[in-house]
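Everything below belongs to work-v1.pdb, which stores PDB, C-alpha atoms.
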ATOM      1  CA  GLU A   1      45.311  51.246 105.577
ATOM      2  CA  PHE A   2      48.443  51.873 107.680
ATOM      3  CA  GLN A   3      49.586  48.284 107.319
ATOM      4  CA  HIS A   4      48.776  47.979 103.646
ATOM      5  CA  MET A   5      49.612  51.340 102.074
ATOM      6  CA  LEU A   6      52.679  52.168 104.173
ATOM      7  CA  GLY A   7      54.016  48.714 104.990
ATOM      8  CA  HIS A   8      53.411  46.802 101.801
ATOM      9  CA  HIS A   9      53.035  49.040  98.738
ATOM     10  CA  PRO A  10      56.291  51.047  98.814
ATOM     11  CA  TYR A  11      58.559  48.017  99.398
ATOM     12  CA  THR A  12      56.920  45.019  97.751
ATOM     13  CA  ASN A  13      58.857  41.770  98.366
ATOM     14  CA  LEU A  14      61.793  43.834  99.642
ATOM     15  CA  LEU A  15      63.873  42.580 102.546
ATOM     16  CA  ASP A  16      66.366  44.690 104.500
ATOM     17  CA  GLU A  17      69.230  42.321 105.299
ATOM     18  CA  GLU A  18      70.994  44.787 107.590
ATOM     19  CA  GLU A  19      67.907  45.260 109.745
ATOM     20  CA  ASP A  20      67.321  41.502 109.871
ATOM     21  CA  LEU A  21      70.939  40.980 110.962
ATOM     22  CA  LYS A  22      70.607  43.581 113.741
ATOM     23  CA  LYS A  23      67.313  42.024 114.809
ATOM     24  CA  GLY A  24      69.020  38.630 115.051
ATOM     25  CA  ASN A  25      71.647  40.174 117.345
ATOM     26  CA  GLY A  26      68.957  41.641 119.580
ATOM     27  CA  VAL A  27      69.309  45.212 118.294
ATOM     28  CA  ASP A  28      66.101  47.086 117.481
ATOM     29  CA  CYS A  29      66.617  49.624 114.675
ATOM     30  CA  PRO A  30      65.287  53.161 115.192
ATOM     31  CA  ILE A  31      61.841  53.549 113.650
ATOM     32  CA  VAL A  32      63.204  55.992 111.034
ATOM     33  CA  GLU A  33      65.433  53.198 109.686
ATOM     34  CA  LYS A  34      62.632  50.639 109.434
ATOM     35  CA  ASP A  35      61.743  50.764 105.760
ATOM     36  CA  GLN A  36      61.754  47.135 104.698
ATOM     37  CA  GLU A  37      58.765  45.227 103.358
ATOM     38  CA  SER A  38      56.778  44.605 106.506
ATOM     39  CA  ASP A  39      53.198  43.906 105.492
ATOM     40  CA  PRO A  40      51.981  41.247 107.957
ATOM     41  CA  ASP A  41      50.157  39.577 105.054
ATOM     42  CA  VAL A  42      53.485  38.692 103.460
ATOM     43  CA  PHE A  43      56.557  38.271 105.699
ATOM     44  CA  SER A  44      55.622  38.664 109.364
ATOM     45  CA  SER A  45      55.047  34.910 109.705
ATOM     46  CA  PHE A  46      58.845  34.329 109.654
ATOM     47  CA  PRO A  47      60.406  32.339 111.317
ATOM     48  CA  ILE A  48      57.339  30.050 111.443
ATOM     49  CA  MET A  49      57.229  30.226 107.655
ATOM     50  CA  ARG A  50      59.931  31.089 105.137
ATOM     51  CA  MET A  51      58.519  33.235 102.335
ATOM     52  CA  HIS A  52      61.617  35.112 101.167
ATOM     53  CA  PRO A  53      64.779  33.517  99.682
ATOM     54  CA  LEU A  54      67.001  35.712 101.893
ATOM     55  CA  HIS A  55      65.485  34.340 105.098
ATOM     56  CA  GLU A  56      67.524  31.602 106.729
ATOM     57  CA  PRO A  57      65.857  28.177 106.294
ATOM     58  CA  ALA A  58      65.148  25.978 109.317
ATOM     59  CA  TRP A  59      64.506  22.234 109.436
ATOM     60  CA  TYR A  60      60.760  22.640 110.015
ATOM     61  CA  HIS A  61      60.338  24.824 106.933
ATOM     62  CA  ARG A  62      60.479  21.678 104.822
ATOM     63  CA  TYR A  63      56.948  20.986 106.085
ATOM     64  CA  GLN A  64      55.598  24.525 105.636
ATOM     65  CA  HIS A  65      53.642  23.646 102.503
ATOM     66  CA  ILE A  66      51.720  21.179 104.703
ATOM     67  CA  TYR A  67      50.977  23.390 107.699
ATOM     68  CA  ALA A  68      50.636  26.668 105.744
ATOM     69  CA  PRO A  69      46.867  26.314 105.123
ATOM     70  CA  PHE A  70      46.264  25.933 108.874
ATOM     71  CA  LEU A  71      48.220  29.125 109.574
ATOM     72  CA  PHE A  72      46.391  30.960 106.794
ATOM     73  CA  ALA A  73      43.088  30.134 108.488
ATOM     74  CA  LEU A  74      44.235  31.957 111.632
ATOM     75  CA  MET A  75      44.881  35.253 109.829
ATOM     76  CA  THR A  76      41.754  37.225 110.768
ATOM     77  CA  ILE A  77      41.299  35.709 114.219
ATOM     78  CA  ALA A  78      44.911  36.619 115.066
ATOM     79  CA  LYS A  79      44.261  40.177 113.917
ATOM     80  CA  VAL A  80      41.135  40.478 116.052
ATOM     81  CA  PHE A  81      42.639  39.062 119.246
ATOM     82  CA  GLN A  82      46.299  40.077 118.934
ATOM     83  CA  GLN A  83      47.323  42.658 116.358
ATOM     84  CA  ASP A  84      44.489  45.128 116.982
ATOM     85  CA  TYR A  85      45.321  45.341 120.691
ATOM     86  CA  GLU A  86      49.092  45.550 120.115
ATOM     87  CA  VAL A  87      48.715  48.479 117.718
ATOM     88  CA  ALA A  88      46.259  50.337 119.954
ATOM     89  CA  MET A  89      48.496  49.998 123.015
ATOM     90  CA  SER A  90      51.928  50.468 121.397
ATOM     91  CA  LYS A  91      50.736  52.982 118.768
ATOM     92  CA  ARG A  92      53.007  51.241 116.312
ATOM     93  CA  LEU A  93      52.610  48.597 113.628
ATOM     94  CA  TYR A  94      56.052  47.272 112.760
ATOM     95  CA  HIS A  95      57.883  50.289 111.248
ATOM     96  CA  ILE A  96      54.700  52.351 110.929
ATOM     97  CA  ASP A  97      53.969  55.038 113.493
ATOM     98  CA  ALA A  98      50.239  54.806 114.321
ATOM     99  CA  THR A  99      50.215  57.757 116.733
ATOM    100  CA  CYS A 100      48.161  59.811 114.281
ATOM    101  CA  ARG A 101      45.356  57.286 114.782
ATOM    102  CA  TYR A 102      45.724  56.027 118.341
ATOM    103  CA  GLY A 103      47.230  59.154 119.845
ATOM    104  CA  SER A 104      43.707  60.509 120.009
ATOM    105  CA  LYS A 105      41.739  59.644 123.158
ATOM    106  CA  TRP A 106      38.525  59.793 121.155
ATOM    107  CA  ASN A 107      39.837  57.192 118.694
ATOM    108  CA  LEU A 108      40.910  54.962 121.587
ATOM    109  CA  ILE A 109      37.414  55.230 123.071
ATOM    110  CA  ARG A 110      35.977  54.301 119.677
ATOM    111  CA  PHE A 111      38.379  51.350 119.428
ATOM    112  CA  TRP A 112      37.507  49.864 122.826
ATOM    113  CA  GLY A 113      33.823  50.630 122.357
ATOM    114  CA  MET A 114      33.646  48.864 118.993
ATOM    115  CA  LYS A 115      35.598  45.906 120.379
ATOM    116  CA  ILE A 116      32.951  45.503 123.087
ATOM    117  CA  ILE A 117      30.063  45.888 120.637
ATOM    118  CA  THR A 118      31.457  43.467 118.043
ATOM    119  CA  SER A 119      32.366  40.901 120.697
ATOM    120  CA  GLY A 120      28.798  41.163 121.899
ATOM    121  CA  TYR A 121      27.000  40.497 118.631
ATOM    122  CA  MET A 122      29.605  38.069 117.226
ATOM    123  CA  ILE A 123      30.273  36.018 120.367
ATOM    124  CA  ALA A 124      27.892  36.767 123.243
ATOM    125  CA  VAL A 125      24.630  36.810 121.237
ATOM    126  CA  PRO A 126      25.288  33.516 119.349
ATOM    127  CA  CYS A 127      26.366  31.871 122.620
ATOM    128  CA  TYR A 128      23.165  33.074 124.306
ATOM    129  CA  PHE A 129      20.842  31.682 121.629
ATOM    130  CA  HIS A 130      22.785  28.578 120.590
ATOM    131  CA  GLY A 131      24.785  27.674 123.686
ATOM    132  CA  ILE A 132      28.406  28.443 124.487
ATOM    133  CA  ALA A 133      29.935  25.515 122.593
ATOM    134  CA  ARG A 134      27.958  26.073 119.409
ATOM    135  CA  GLY A 135      28.259  29.861 119.592
ATOM    136  CA  LEU A 136      32.046  29.733 119.912
ATOM    137  CA  ALA A 137      32.241  27.085 117.185
ATOM    138  CA  LEU A 138      30.308  29.338 114.789
ATOM    139  CA  PHE A 139      32.636  32.252 115.587
ATOM    140  CA  VAL A 140      35.817  30.227 115.076
ATOM    141  CA  ILE A 141      34.617  28.491 111.902
ATOM    142  CA  GLY A 142      33.509  31.787 110.397
ATOM    143  CA  HIS A 143      36.841  33.449 111.136
ATOM    144  CA  MET A 144      38.921  30.499 109.934
ATOM    145  CA  THR A 145      36.977  30.341 106.668
ATOM    146  CA  CYS A 146      37.430  34.058 106.126
ATOM    147  CA  GLY A 147      41.112  33.885 107.120
ATOM    148  CA  GLU A 148      41.843  30.981 104.774
ATOM    149  CA  LEU A 149      40.227  32.699 101.805
ATOM    150  CA  LEU A 150      41.755  36.124 102.414
ATOM    151  CA  ALA A 151      45.252  34.840 103.213
ATOM    152  CA  THR A 152      45.216  32.677 100.089
ATOM    153  CA  MET A 153      44.182  35.554  97.817
ATOM    154  CA  PHE A 154      46.822  37.797  99.433
ATOM    155  CA  ILE A 155      49.764  35.394  99.321
ATOM    156  CA  VAL A 156      49.386  33.996  95.791
ATOM    157  CA  ASN A 157      49.967  37.528  94.507
ATOM    158  CA  HIS A 158      53.510  37.844  95.868
ATOM    159  CA  VAL A 159      54.780  34.428  96.990
ATOM    160  CA  ILE A 160      54.538  32.203  93.931
ATOM    161  CA  GLU A 161      56.672  30.547  91.265
ATOM    162  CA  GLY A 162      58.173  33.086  88.868
ATOM    163  CA  VAL A 163      57.796  36.134  91.110
ATOM    164  CA  SER A 164      60.847  38.272  91.884
ATOM    165  CA  TYR A 165      62.199  39.409  95.234
ATOM    166  CA  ALA A 166      64.132  42.564  96.013
ATOM    167  CA  LYS A 167      66.932  43.374  98.438
ATOM    168  CA  LYS A 168      67.703  46.763  99.925
ATOM    169  CA  ASN A 169      70.966  48.294  98.722
ATOM    170  CA  THR A 170      73.538  48.569 101.493
ATOM    171  CA  VAL A 171      75.945  51.420 102.216
ATOM    172  CA  GLU A 172      78.641  49.404 100.426
ATOM    173  CA  ASP A 173      76.400  49.102  97.372
ATOM    174  CA  ALA A 174      75.886  52.874  97.270
ATOM    175  CA  ALA A 175      79.636  53.410  97.495
ATOM    176  CA  ALA A 176      80.205  50.923  94.691
ATOM    177  CA  ALA A 177      77.618  52.692  92.532
ATOM    178  CA  THR A 178      79.304  56.054  93.101
ATOM    179  CA  ALA A 179      82.697  54.551  92.218
ATOM    180  CA  ALA A 180      81.222  53.059  89.037
ATOM    181  CA  ALA A 181      79.833  56.463  88.078
ATOM    182  CA  ASP A 182      83.299  58.017  88.554
ATOM    183  CA  VAL A 183      84.891  55.342  86.358
ATOM    184  CA  LYS A 184      82.352  55.924  83.600
ATOM    185  CA  GLU A 185      82.953  59.674  83.768
ATOM    186  CA  SER A 186      86.698  59.133  83.421
ATOM    187  CA  GLU A 187      85.996  56.999  80.357
ATOM    188  CA  GLY A 188      84.114  59.838  78.740
ATOM    189  CA  GLU A 189      80.552  58.674  79.549
ATOM    190  CA  GLU A 190      77.946  60.914  81.069
ATOM    191  CA  LYS A 191      78.065  60.554  84.849
ATOM    192  CA  LYS A 192      74.900  59.340  86.506
ATOM    193  CA  SER A 193      73.911  60.206  90.032
ATOM    194  CA  ALA A 194      74.516  57.648  92.767
ATOM    195  CA  GLU A 195      70.752  57.240  93.032
ATOM    196  CA  THR A 196      70.506  56.414  89.330
ATOM    197  CA  GLU A 197      73.386  53.992  89.613
ATOM    198  CA  ASN A 198      71.638  52.293  92.496
ATOM    199  CA  ASN A 199      68.751  51.688  90.094
ATOM    200  CA  ASP A 200      71.057  50.110  87.522
ATOM    201  CA  THR A 201      71.145  46.365  86.886
ATOM    202  CA  THR A 202      74.541  46.086  88.571
ATOM    203  CA  VAL A 203      72.991  46.695  92.004
ATOM    204  CA  HIS A 204      70.519  44.087  93.263
ATOM    205  CA  PRO A 205      67.966  43.835  90.459
ATOM    206  CA  PRO A 206      64.856  41.953  91.628
ATOM    207  CA  SER A 207      65.396  38.244  91.044
ATOM    208  CA  THR A 208      63.537  34.969  91.486
ATOM    209  CA  MET A 209      64.284  32.319  94.096
ATOM    210  CA  TYR A 210      66.572  30.709  91.482
ATOM    211  CA  GLY A 211      68.642  33.890  91.184
ATOM    212  CA  THR A 212      67.414  34.743  87.684
ATOM    213  CA  THR A 213      66.108  38.154  86.618
ATOM    214  CA  PRO A 214      62.982  37.719  84.434
ATOM    215  CA  MET A 215      63.197  41.312  83.215
ATOM    216  CA  GLU A 216      66.396  40.455  81.358
ATOM    217  CA  GLN A 217      64.457  38.004  79.182
ATOM    218  CA  THR A 218      61.398  40.215  78.743
ATOM    219  CA  ARG A 219      63.557  43.164  77.691
ATOM    220  CA  SER A 220      65.406  40.956  75.227
ATOM    221  CA  ASP A 221      62.101  39.704  73.786
ATOM    222  CA  ALA A 222      60.701  43.229  73.519
ATOM    223  CA  ALA A 223      63.852  44.509  71.812
ATOM    224  CA  ALA A 224      63.648  41.681  69.276
ATOM    225  CA  LYS A 225      60.062  42.671  68.419
ATOM    226  CA  SER A 226      60.916  46.357  68.203
ATOM    227  CA  THR A 227      61.372  47.729  64.672
ATOM    228  CA  SER A 228      64.494  49.618  65.789
ATOM    229  CA  GLY A 229      65.786  46.805  67.974
ATOM    230  CA  LYS A 230      66.064  49.233  70.873
ATOM    231  CA  LEU A 231      63.988  49.985  73.948
ATOM    232  CA  ALA A 232      63.530  53.040  76.126
ATOM    233  CA  TYR A 233      65.723  52.695  79.209
ATOM    234  CA  VAL A 234      63.779  51.345  82.202
ATOM    235  CA  PRO A 235      65.925  50.653  85.310
ATOM    236  CA  TYR A 236      65.439  47.193  86.766
ATOM    237  CA  ASN A 237      64.890  48.840  90.150
ATOM    238  CA  ASP A 238      62.500  51.488  88.867
ATOM    239  CA  TRP A 239      59.564  51.663  91.294
ATOM    240  CA  ALA A 240      56.863  50.797  88.748
ATOM    241  CA  ALA A 241      58.982  48.037  87.199
ATOM    242  CA  VAL A 242      59.572  46.541  90.655
ATOM    243  CA  GLN A 243      55.806  46.485  91.311
ATOM    244  CA  CYS A 244      55.351  44.449  88.124
ATOM    245  CA  GLN A 245      58.248  42.100  88.872
ATOM    246  CA  THR A 246      57.122  41.369  92.427
ATOM    247  CA  SER A 247      53.368  40.993  91.818
ATOM    248  CA  VAL A 248      51.275  38.377  90.030
ATOM    249  CA  ASN A 249      47.714  38.472  88.653
ATOM    250  CA  TRP A 250      45.217  35.649  88.360
ATOM    251  CA  SER A 251      42.059  35.489  86.226
ATOM    252  CA  PRO A 252      43.149  38.707  84.470
ATOM    253  CA  GLY A 253      40.368  40.686  82.843
ATOM    254  CA  SER A 254      37.607  38.821  84.703
ATOM    255  CA  TRP A 255      35.078  41.236  86.214
ATOM    256  CA  PHE A 256      33.607  38.442  88.382
ATOM    257  CA  TRP A 257      36.848  37.462  90.093
ATOM    258  CA  ASN A 258      37.866  41.100  90.292
ATOM    259  CA  HIS A 259      34.715  41.859  92.319
ATOM    260  CA  PHE A 260      34.869  38.608  94.280
ATOM    261  CA  SER A 261      38.441  39.292  95.403
ATOM    262  CA  GLY A 262      38.026  43.021  95.924
ATOM    263  CA  GLY A 263      40.582  43.693  93.193
ATOM    264  CA  LEU A 264      43.181  41.233  94.520
ATOM    265  CA  SER A 265      43.067  39.240  91.274
ATOM    266  CA  HIS A 266      44.542  42.276  89.486
ATOM    267  CA  GLN A 267      47.427  42.772  91.860
ATOM    268  CA  ILE A 268      49.751  44.424  89.337
ATOM    269  CA  GLU A 269      47.192  47.113  88.506
ATOM    270  CA  HIS A 270      46.451  47.504  92.220
ATOM    271  CA  HIS A 271      50.128  48.181  92.967
ATOM    272  CA  LEU A 272      50.602  50.555  90.068
ATOM    273  CA  PHE A 273      47.407  52.520  90.763
ATOM    274  CA  PRO A 274      46.512  51.960  94.438
ATOM    275  CA  SER A 275      44.318  55.050  94.645
ATOM    276  CA  ILE A 276      41.776  54.159  91.980
ATOM    277  CA  CYS A 277      38.679  52.080  92.740
ATOM    278  CA  HIS A 278      39.280  48.352  92.262
ATOM    279  CA  THR A 279      36.210  48.074  90.008
ATOM    280  CA  ASN A 280      38.298  49.725  87.253
ATOM    281  CA  TYR A 281      41.155  47.196  87.326
ATOM    282  CA  CYS A 282      39.605  44.755  84.854
ATOM    283  CA  TYR A 283      39.137  47.597  82.344
ATOM    284  CA  ILE A 284      42.726  48.855  82.438
ATOM    285  CA  GLN A 285      44.339  45.412  82.681
ATOM    286  CA  ASP A 286      44.923  44.984  78.934
ATOM    287  CA  VAL A 287      46.469  48.462  78.675
ATOM    288  CA  VAL A 288      48.894  47.708  81.521
ATOM    289  CA  GLU A 289      49.828  44.340  80.018
ATOM    290  CA  LYS A 290      50.491  45.828  76.563
ATOM    291  CA  THR A 291      52.565  48.656  78.077
ATOM    292  CA  CYS A 292      54.671  46.149  80.010
ATOM    293  CA  ALA A 293      55.264  44.174  76.820
ATOM    294  CA  GLU A 294      56.222  47.358  74.969
ATOM    295  CA  TYR A 295      58.891  48.287  77.530
ATOM    296  CA  GLY A 296      60.063  44.761  78.292
ATOM    297  CA  VAL A 297      58.730  44.665  81.855
ATOM    298  CA  PRO A 298      57.519  41.285  83.214
ATOM    299  CA  TYR A 299      53.761  40.806  83.519
ATOM    300  CA  GLN A 300      52.967  37.467  85.139
ATOM    301  CA  ALA A 301      49.338  36.344  85.137
ATOM    302  CA  GLU A 302      47.928  32.939  86.066
ATOM    303  CA  PRO A 303      44.722  31.693  84.373
ATOM    304  CA  ASN A 304      42.809  31.237  87.648
ATOM    305  CA  LEU A 305      43.087  31.123  91.441
ATOM    306  CA  PHE A 306      43.454  27.345  91.527
ATOM    307  CA  VAL A 307      46.522  27.366  89.259
ATOM    308  CA  ALA A 308      47.966  30.246  91.292
ATOM    309  CA  TYR A 309      47.324  28.340  94.549
ATOM    310  CA  LYS A 310      49.073  25.243  93.220
ATOM    311  CA  LYS A 311      52.115  27.276  92.148
ATOM    312  CA  MET A 312      52.159  29.105  95.487
ATOM    313  CA  MET A 313      52.220  25.815  97.431
ATOM    314  CA  ALA A 314      54.986  24.458  95.180
ATOM    315  CA  HIS A 315      56.920  27.678  95.787
ATOM    316  CA  LEU A 316      56.547  27.337  99.571
ATOM    317  CA  LYS A 317      57.733  23.736  99.328
ATOM    318  CA  PHE A 318      60.830  24.788  97.389
ATOM    319  CA  LEU A 319      61.640  27.605  99.825
ATOM    320  CA  GLY A 320      61.231  25.202 102.728
ATOM    321  CA  ASN A 321      63.493  22.543 101.253
ATOM    322  CA  GLU A 322      66.578  24.652 100.595
ATOM    323  CA  LYS A 323      69.609  23.309 102.382
ATOM    324  CA  VAL A 324      69.864  24.413 106.002
ATOM    325  CA  LYS A 325      73.246  25.909 106.871
ATOM    326  CA  SER A 326      75.145  23.840 109.406
ATOM    327  CA  SER A 327      75.866  25.662 112.675
TER     328      SER A 327
END
Would you kindly transcribe this structure into structure tokens?
Amino acid sequence: EFQHMLGHHPYTNLLDEEEDLKKGNGVDCPIVEKDQESDPDVFSSFPIMRMHPLHEPAWYHRYQHIYAPFLFALMTIAKVFQQDYEVAMSKRLYHIDATCRYGSKWNLIRFWGMKIITSGYMIAVPCYFHGIARGLALFVIGHMTCGELLATMFIVNHVIEGVSYAKKNTVEDAAAATAAADVKESEGEEKKSAETENNDTTVHPPSTMYGTTPMEQTRSDAAAKSTSGKLAYVPYNDWAAVQCQTSVNWSPGSWFWNHFSGGLSHQIEHHLFPSICHTNYCYIQDVVEKTCAEYGVPYQAEPNLFVAYKKMMAHLKFLGNEKVKSS
């Protein structure tokens, strides 16, 4: 829950360019400044894979749509043998402070105890009854199957054709927003706060890998359908609007796929209402979609997982084939 609720939900598809630049120069930002999108399910595979348009492309990324499925299969096995131990020992998961969990000696005892128990019944017992080779093969195949399925259902929701990406506003952006507010005030308009200006379309609205902003078109379409021709003001960088612009559903309204995926098929509803049980997503899906249409907010939904997977792989291929900057 640390990784998902604190690393992924608040900053969906958001990349902090300043932090990435410092990281490239060997400077580790203080933990209080680490607020970029950092869910390991989405962007931690960089530089092996390029999943965000603001990441610098490398020559090998042109093949990422080929080797991606093999990396996806390693998701759960990497968590079991790498990430779990790193978090327990460092008490930190990327920008998330895990001291509240692993600062307790009792929780550490539970962690190491459960690692021993699970290793016993998942590795030692099968090896004892079926032989070492077959026991290890069963363990690896099971994990790779689980990893492939989970990684696929995670990634198609945020890294796919048509989805938008966000960029953190810099100090210069905030200054520009404040200056714009002052200009508007001098022209007789009501002055907005710098925070409100930072949510305006003039400052990094979420955009696709092509640089377009889908919400511009959806707002235009909604205004055309409105009897008054006007819409209630919804900032492009409004939190709820960003969740809709950076998430994608598949098999919307299907109770079967909703249960099969644990609610992942209704990703937009999951991001808007992360605290409600996922079994309710398929029942509120049509309400969310109609509300988005009413306010001109994008609501992207693919007919099924297979279409979403195809678009995700095409998206990875495009991201991997952008021109590499010459050094």
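Picture a line from atom CA of Leu74 of chain A to atom CA of His52 of chain A; it runs 20.5 Å.
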Could you list, as a compact mmCIF listing (two decimals) with C-alpha atoms, keeping the file's coordinate frame, every residue matched by the PyMOL selection byres ((chain A and resi 102) around 12) in this structure?
# COMPACT_ATOMS: atom_id res chain seq x y z
CA PHE A 2 48.44 51.87 107.68
CA ASP A 84 44.49 45.13 116.98
CA TYR A 85 45.32 45.34 120.69
CA GLU A 86 49.09 45.55 120.12
CA VAL A 87 48.72 48.48 117.72
CA ALA A 88 46.26 50.34 119.95
CA MET A 89 48.50 50.00 123.02
CA SER A 90 51.93 50.47 121.40
CA LYS A 91 50.74 52.98 118.77
CA ARG A 92 53.01 51.24 116.31
CA LEU A 93 52.61 48.60 113.63
CA ASP A 97 53.97 55.04 113.49
CA ALA A 98 50.24 54.81 114.32
CA THR A 99 50.22 57.76 116.73
CA CYS A 100 48.16 59.81 114.28
CA ARG A 101 45.36 57.29 114.78
CA GLY A 103 47.23 59.15 119.84
CA SER A 104 43.71 60.51 120.01
CA LYS A 105 41.74 59.64 123.16
CA TRP A 106 38.52 59.79 121.16
CA ASN A 107 39.84 57.19 118.69
CA LEU A 108 40.91 54.96 121.59
CA ILE A 109 37.41 55.23 123.07
CA ARG A 110 35.98 54.30 119.68
CA PHE A 111 38.38 51.35 119.43
CA TRP A 112 37.51 49.86 122.83
Give me the result of the PyMOL selection byres ((chain A and resi 155-161) around 7) on this file, residue by residue, as a PyMOL selection string.
chain A and resi 42+51+151-154+162-163+246-249+267+308-309+311-312+315
Using all atoms listed in the file, what residues lie at most 8 Å away from (40.7, 34.2, 87.1) (file coordinates), given as a PyMOL selection string?
chain A and resi 250-254+257+265+302-305
Evaluated on this file, the PyMOL selection byres ((chain A and resi 272) around 8) picks out some residues - which ones are they, written as a ChimeraX atom specification?
/A:240,243-244,268-271,273-274
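Taking all atoms listed in the file into account, Ser261 of chain A lies nearest to A:Thr279 out of the set A:Pro206, A:Tyr67, A:Thr279, A:Ser45.
Remark: for Asn321 of chain A, the closest of the candidate residues A:Pro57, A:Pro47, A:Pro298, A:Pro69 is A:Pro57 (distances computed over all atoms listed in the file).
Residue nearest Tyr236 of chain A, chosen from A:Glu216, A:Asp286, A:Glu56, A:Asp221 and counting all atoms listed in the file: A:Glu216.
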Pick the closest to Lys167 of chain A from A:Met49, A:Val287, A:Leu54, A:Ala293: which is it, counting only C-alpha atoms?
A:Leu54
Write out as a PyMOL selection string each polymer residue whose atoms come within 8 Å of Ser207 of chain A, counting only C-alpha atoms; drop sequence neighbours fewer than 6 positions from it.
chain A and resi 163-166+213-214
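The interatomic distance for the pair atom CA of Gly120 of chain A and atom CA of Glu148 of chain A works out to 23.8 Å.
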Please report the interatomic distance between atom CA of Thr212 of chain A and atom CA of Gln245 of chain A in Å with one decimal.
11.8 Å
